[in-house]
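Enquirer: The structure is given below, and queries will be raised subsequently.
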Amino acid sequence: MRRPLVAGNWKMHGTRASVAELIEGLRRQSLSGDAEVAVFPSCLHIAQVVEGLAEVPVVIGGQDCAVEPQQGALTGEVAASQLREAGCAMVLVGHSERRLSLGESDEVVVRKFVAAQACGLIPVLCVGETLAQREAGETLVVVGRQLAAIVDAQGVGVFARAVVAYEPVWAIGTGLTASPEQAQEVHAAIRARLAAQDADVAGKVRILYGGSVKAANAAELFGMPDIDGGLVGGASLNADEFGAICRAAGN
Ligand code: PGA
């Protein structure tokens with residue numbers, strides 16, 4: 001049995017005041033514990049969130065980490081070891097906004113994934129196709145390639161300490177959600193690819209869906225056999241909405 005995970009990606013949002021409000025809102029949610037809950041604030045707000053949610057069963061994560069695991073001379077970057085020390089247990093790697101806007105390659109994503117695990121963080125590997133790639137029928141090839149970058153370099157065993165997030169780029173922040181069937185097809189393909197090398201690891205790894213998840217569509221998505229929760233952007237900035245999504249995952 002895989003424990004569902006709902007992860008809130010706050011992206012480059014928040015001020016100290018709005019984050020304080022979000023913390024208060026999250027503290028008011030009744031979270032059953034059936035689903036694991038995580039939030040990914042901007043680096044600037046990690047300390048505030050770690051402190052504010054200290055008595056709440058919510059995991060804190062970073063949105064990205066440097067390719068080098070340890071602190072050093074790399075201006076503007078944040079090391080996985082620094083995230084860990086600040087109270088993070090997870091980190092997103094390979095989010096499409098970084099792959100596409102900042103030109104992050106599979107090679108860079110692999111190094112970040114490795115750096116995260118080297119510091120005891122659980123990497124949440126984001127994969128997904130653009131609209132053009134979907135329309136060209138390349139979805140499974142693209143996602144397979146993003147997954148293979150890690151498997152070929154590190155072996156499938158590393159997914160025993162990682163999470164995968166399938167996020168079709170065309171569904172992120174657009175209000176367009178993949179249908180539960182569309183998402184399930186890709187999730188099943190991801191699991192099958194991993195299972196071809198290690199059925200045990202594939203059976204245990206959590207595969208989240210991301211892309212315009214909201215309270216209104218969460219239950220339907222999470223009801224699919226290979227969807228183990230969600231990576232939630234916009235809707236995670238509203239504590240009540242996010243709480244409802246977490247409860248949908250726990251049911
Ligand atoms: P969204 O973002 O829920 O706002 O579509 C998801 C993500 O990019 O992680």
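Residues are named by chain letter and number: chains run A, B, ... in the order of the structure tokens, numbers start at 1 in each chain, and ligands are numbered from 1 in the order shown.
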Give me the residues within 8 Å of region 166-172 of chain A as a list in words, counting only C-alpha atoms and dropping any in the same chain fewer than 3 places off.

Expert: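 In the requested form, the answer reads Ser96, Cys126, Val127, Gly128, Glu129, Thr130, Leu131, Gly175, Leu176, Thr177, Ala178, Ala183, Val186, His187, Ile207, Leu208, Tyr209, Gly210, Gly211, Ser212 and Gly233 of chain A.
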
Enquirer: Could you write out the selected residues, including N, CA, C and O atoms, as an mmCIF file, in the first residue's frame?

Expert:
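Just written: result.cif:
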data_model
loop_
_atom_site.group_PDB
_atom_site.id
_atom_site.type_symbol
_atom_site.label_atom_id
_atom_site.label_comp_id
_atom_site.auth_asym_id
_atom_site.auth_seq_id
_atom_site.Cartn_x
_atom_site.Cartn_y
_atom_site.Cartn_z
ATOM 1 N N SER A 96 9.194 21.686 -14.621
ATOM 2 C CA SER A 96 9.196 22.136 -16.020
ATOM 3 C C SER A 96 9.465 23.628 -16.147
ATOM 4 O O SER A 96 10.007 24.072 -17.159
ATOM 5 N N CYS A 126 10.271 15.817 -11.241
ATOM 6 C CA CYS A 126 9.148 16.258 -12.076
ATOM 7 C C CYS A 126 9.422 15.922 -13.540
ATOM 8 O O CYS A 126 10.511 16.210 -14.048
ATOM 9 N N VAL A 127 8.444 15.324 -14.175
ATOM 10 C CA VAL A 127 8.544 14.978 -15.594
ATOM 11 C C VAL A 127 7.241 15.396 -16.272
ATOM 12 O O VAL A 127 6.213 15.541 -15.615
ATOM 13 N N GLY A 128 7.297 15.587 -17.581
ATOM 14 C CA GLY A 128 6.057 15.937 -18.277
ATOM 15 C C GLY A 128 6.326 16.490 -19.655
ATOM 16 O O GLY A 128 7.414 17.007 -19.924
ATOM 17 N N GLU A 129 5.321 16.376 -20.508
ATOM 18 C CA GLU A 129 5.453 16.790 -21.905
ATOM 19 C C GLU A 129 4.783 18.136 -22.162
ATOM 20 O O GLU A 129 3.866 18.518 -21.436
ATOM 21 N N THR A 130 5.232 18.827 -23.190
ATOM 22 C CA THR A 130 4.579 20.068 -23.605
ATOM 23 C C THR A 130 3.353 19.714 -24.450
ATOM 24 O O THR A 130 3.167 18.554 -24.853
ATOM 25 N N LEU A 131 2.565 20.736 -24.746
ATOM 26 C CA LEU A 131 1.381 20.505 -25.578
ATOM 27 C C LEU A 131 1.788 20.005 -26.965
ATOM 28 O O LEU A 131 1.191 19.066 -27.505
ATOM 29 N N GLY A 175 -5.430 25.842 -15.816
ATOM 30 C CA GLY A 175 -6.813 25.460 -15.555
ATOM 31 C C GLY A 175 -7.202 24.215 -16.344
ATOM 32 O O GLY A 175 -8.250 23.625 -16.102
ATOM 33 N N LEU A 176 -6.343 23.809 -17.292
ATOM 34 C CA LEU A 176 -6.601 22.569 -18.037
ATOM 35 C C LEU A 176 -6.004 21.411 -17.252
ATOM 36 O O LEU A 176 -4.807 21.409 -16.998
ATOM 37 N N THR A 177 -6.813 20.472 -16.850
ATOM 38 C CA THR A 177 -6.285 19.316 -16.124
ATOM 39 C C THR A 177 -6.288 18.131 -17.080
ATOM 40 O O THR A 177 -7.200 17.998 -17.886
ATOM 41 N N ALA A 178 -5.274 17.283 -16.971
ATOM 42 C CA ALA A 178 -5.344 16.023 -17.709
ATOM 43 C C ALA A 178 -6.547 15.267 -17.160
ATOM 44 O O ALA A 178 -6.838 15.347 -15.966
ATOM 45 N N ALA A 183 -4.058 10.948 -17.333
ATOM 46 C CA ALA A 183 -2.993 10.913 -16.333
ATOM 47 C C ALA A 183 -2.644 9.467 -15.983
ATOM 48 O O ALA A 183 -1.472 9.089 -15.956
ATOM 49 N N VAL A 186 -0.238 7.683 -18.314
ATOM 50 C CA VAL A 186 1.176 8.038 -18.186
ATOM 51 C C VAL A 186 1.752 7.482 -16.873
ATOM 52 O O VAL A 186 2.871 6.950 -16.845
ATOM 53 N N HIS A 187 0.966 7.571 -15.804
ATOM 54 C CA HIS A 187 1.436 7.029 -14.515
ATOM 55 C C HIS A 187 1.725 5.535 -14.629
ATOM 56 O O HIS A 187 2.732 5.048 -14.127
ATOM 57 N N ILE A 207 3.805 8.122 -7.326
ATOM 58 C CA ILE A 207 3.784 8.932 -8.547
ATOM 59 C C ILE A 207 2.638 9.929 -8.405
ATOM 60 O O ILE A 207 1.462 9.548 -8.359
ATOM 61 N N LEU A 208 3.014 11.207 -8.284
ATOM 62 C CA LEU A 208 2.029 12.273 -8.092
ATOM 63 C C LEU A 208 1.608 12.839 -9.435
ATOM 64 O O LEU A 208 2.400 12.881 -10.364
ATOM 65 N N TYR A 209 0.387 13.336 -9.481
ATOM 66 C CA TYR A 209 -0.041 14.075 -10.672
ATOM 67 C C TYR A 209 -0.020 15.563 -10.338
ATOM 68 O O TYR A 209 -0.439 15.974 -9.243
ATOM 69 N N GLY A 210 0.435 16.372 -11.271
ATOM 70 C CA GLY A 210 0.405 17.824 -11.090
ATOM 71 C C GLY A 210 -0.061 18.523 -12.341
ATOM 72 O O GLY A 210 0.239 18.084 -13.462
ATOM 73 N N GLY A 211 -0.768 19.607 -12.161
ATOM 74 C CA GLY A 211 -1.284 20.374 -13.294
ATOM 75 C C GLY A 211 -2.733 20.733 -13.032
ATOM 76 O O GLY A 211 -3.624 19.925 -13.295
ATOM 77 N N SER A 212 -2.941 21.932 -12.440
ATOM 78 C CA SER A 212 -4.290 22.436 -12.160
ATOM 79 C C SER A 212 -5.121 21.487 -11.290
ATOM 80 O O SER A 212 -6.324 21.339 -11.483
ATOM 81 N N GLY A 233 0.092 23.465 -7.385
ATOM 82 C CA GLY A 233 0.652 24.816 -7.435
ATOM 83 C C GLY A 233 -0.349 25.821 -6.903
ATOM 84 O O GLY A 233 -0.519 25.976 -5.689
#

Enquirer: Hey, what's within 7 Å of Lys112 (chain A) if we count only C-alpha atoms and toss same-chain stuff fewer than 2 positions away? As a list in words, please?

Expert: Cys65, Ala66, Val67, Val93, Val108, Val109, Val110, Val114, Ala115 and Ala116 of chain A

Enquirer: Next, write the just-selected residues to a file, as a JSON list (two decimals), in the first residue's frame, keeping N, CA, C and O atoms as the atom set.

Expert:
[["chain", "number", "residue", "atom", "x", "y", "z"],
["A", 65, "CYS", "N", 17.53, 22.56, -5.79],
["A", 65, "CYS", "CA", 18.81, 22.58, -5.07],
["A", 65, "CYS", "C", 19.93, 22.67, -6.09],
["A", 65, "CYS", "O", 19.73, 22.44, -7.29],
["A", 66, "ALA", "N", 21.12, 22.99, -5.60],
["A", 66, "ALA", "CA", 22.28, 23.12, -6.48],
["A", 66, "ALA", "C", 22.77, 21.75, -6.94],
["A", 66, "ALA", "O", 22.45, 20.72, -6.32],
["A", 67, "VAL", "N", 23.54, 21.72, -8.00],
["A", 67, "VAL", "CA", 24.11, 20.45, -8.46],
["A", 67, "VAL", "C", 25.18, 19.94, -7.50],
["A", 67, "VAL", "O", 25.46, 18.75, -7.45],
["A", 93, "VAL", "N", 12.97, 18.47, -8.01],
["A", 93, "VAL", "CA", 14.02, 18.59, -9.03],
["A", 93, "VAL", "C", 13.39, 18.44, -10.41],
["A", 93, "VAL", "O", 12.49, 17.63, -10.61],
["A", 108, "VAL", "N", 21.66, 18.07, -15.74],
["A", 108, "VAL", "CA", 21.64, 18.91, -14.54],
["A", 108, "VAL", "C", 20.64, 18.33, -13.53],
["A", 108, "VAL", "O", 20.92, 18.27, -12.32],
["A", 109, "VAL", "N", 19.50, 17.89, -14.04],
["A", 109, "VAL", "CA", 18.47, 17.33, -13.15],
["A", 109, "VAL", "C", 19.02, 16.09, -12.43],
["A", 109, "VAL", "O", 18.80, 15.90, -11.24],
["A", 110, "VAL", "N", 19.77, 15.26, -13.16],
["A", 110, "VAL", "CA", 20.36, 14.07, -12.53],
["A", 110, "VAL", "C", 21.31, 14.49, -11.40],
["A", 110, "VAL", "O", 21.26, 13.93, -10.30],
["A", 114, "VAL", "N", 20.90, 13.51, -7.45],
["A", 114, "VAL", "CA", 21.96, 12.82, -6.70],
["A", 114, "VAL", "C", 22.38, 13.64, -5.48],
["A", 114, "VAL", "O", 22.55, 13.11, -4.38],
["A", 115, "ALA", "N", 22.50, 14.97, -5.69],
["A", 115, "ALA", "CA", 22.89, 15.85, -4.57],
["A", 115, "ALA", "C", 21.85, 15.76, -3.46],
["A", 115, "ALA", "O", 22.20, 15.70, -2.27],
["A", 116, "ALA", "N", 20.58, 15.75, -3.84],
["A", 116, "ALA", "CA", 19.51, 15.68, -2.85],
["A", 116, "ALA", "C", 19.63, 14.41, -2.01],
["A", 116, "ALA", "O", 19.64, 14.46, -0.78]]

Enquirer: Among region 99-225 of chain A, which ones does DSSP assign to strand (DSSP E or B) (computed from the backbone)? Answer as a list of chain:residue names.

Expert: A:Ile122, A:Pro123, A:Val124, A:Leu125, A:Cys126, A:Val127, A:Val163, A:Val164, A:Ala165, A:Tyr166, A:Arg206, A:Ile207, A:Leu208, A:Tyr209, A:Gly210

Enquirer: Show which residues sit within 7 Å of Ser42 (chain A), as a PyMOL selection string. Count only C-alpha atoms, and ignore same-chain residues fewer than 5 positions away.

Expert: chain A and resi 10-12+63

Enquirer: As a ChimeraX atom specification, please: every residue in region 48-200 of chain A that DSSP puts in alpha helix (DSSP H).

Expert: /A:48-52,80-85,96-101,106-118,131-135,139-154,180-195,199-200
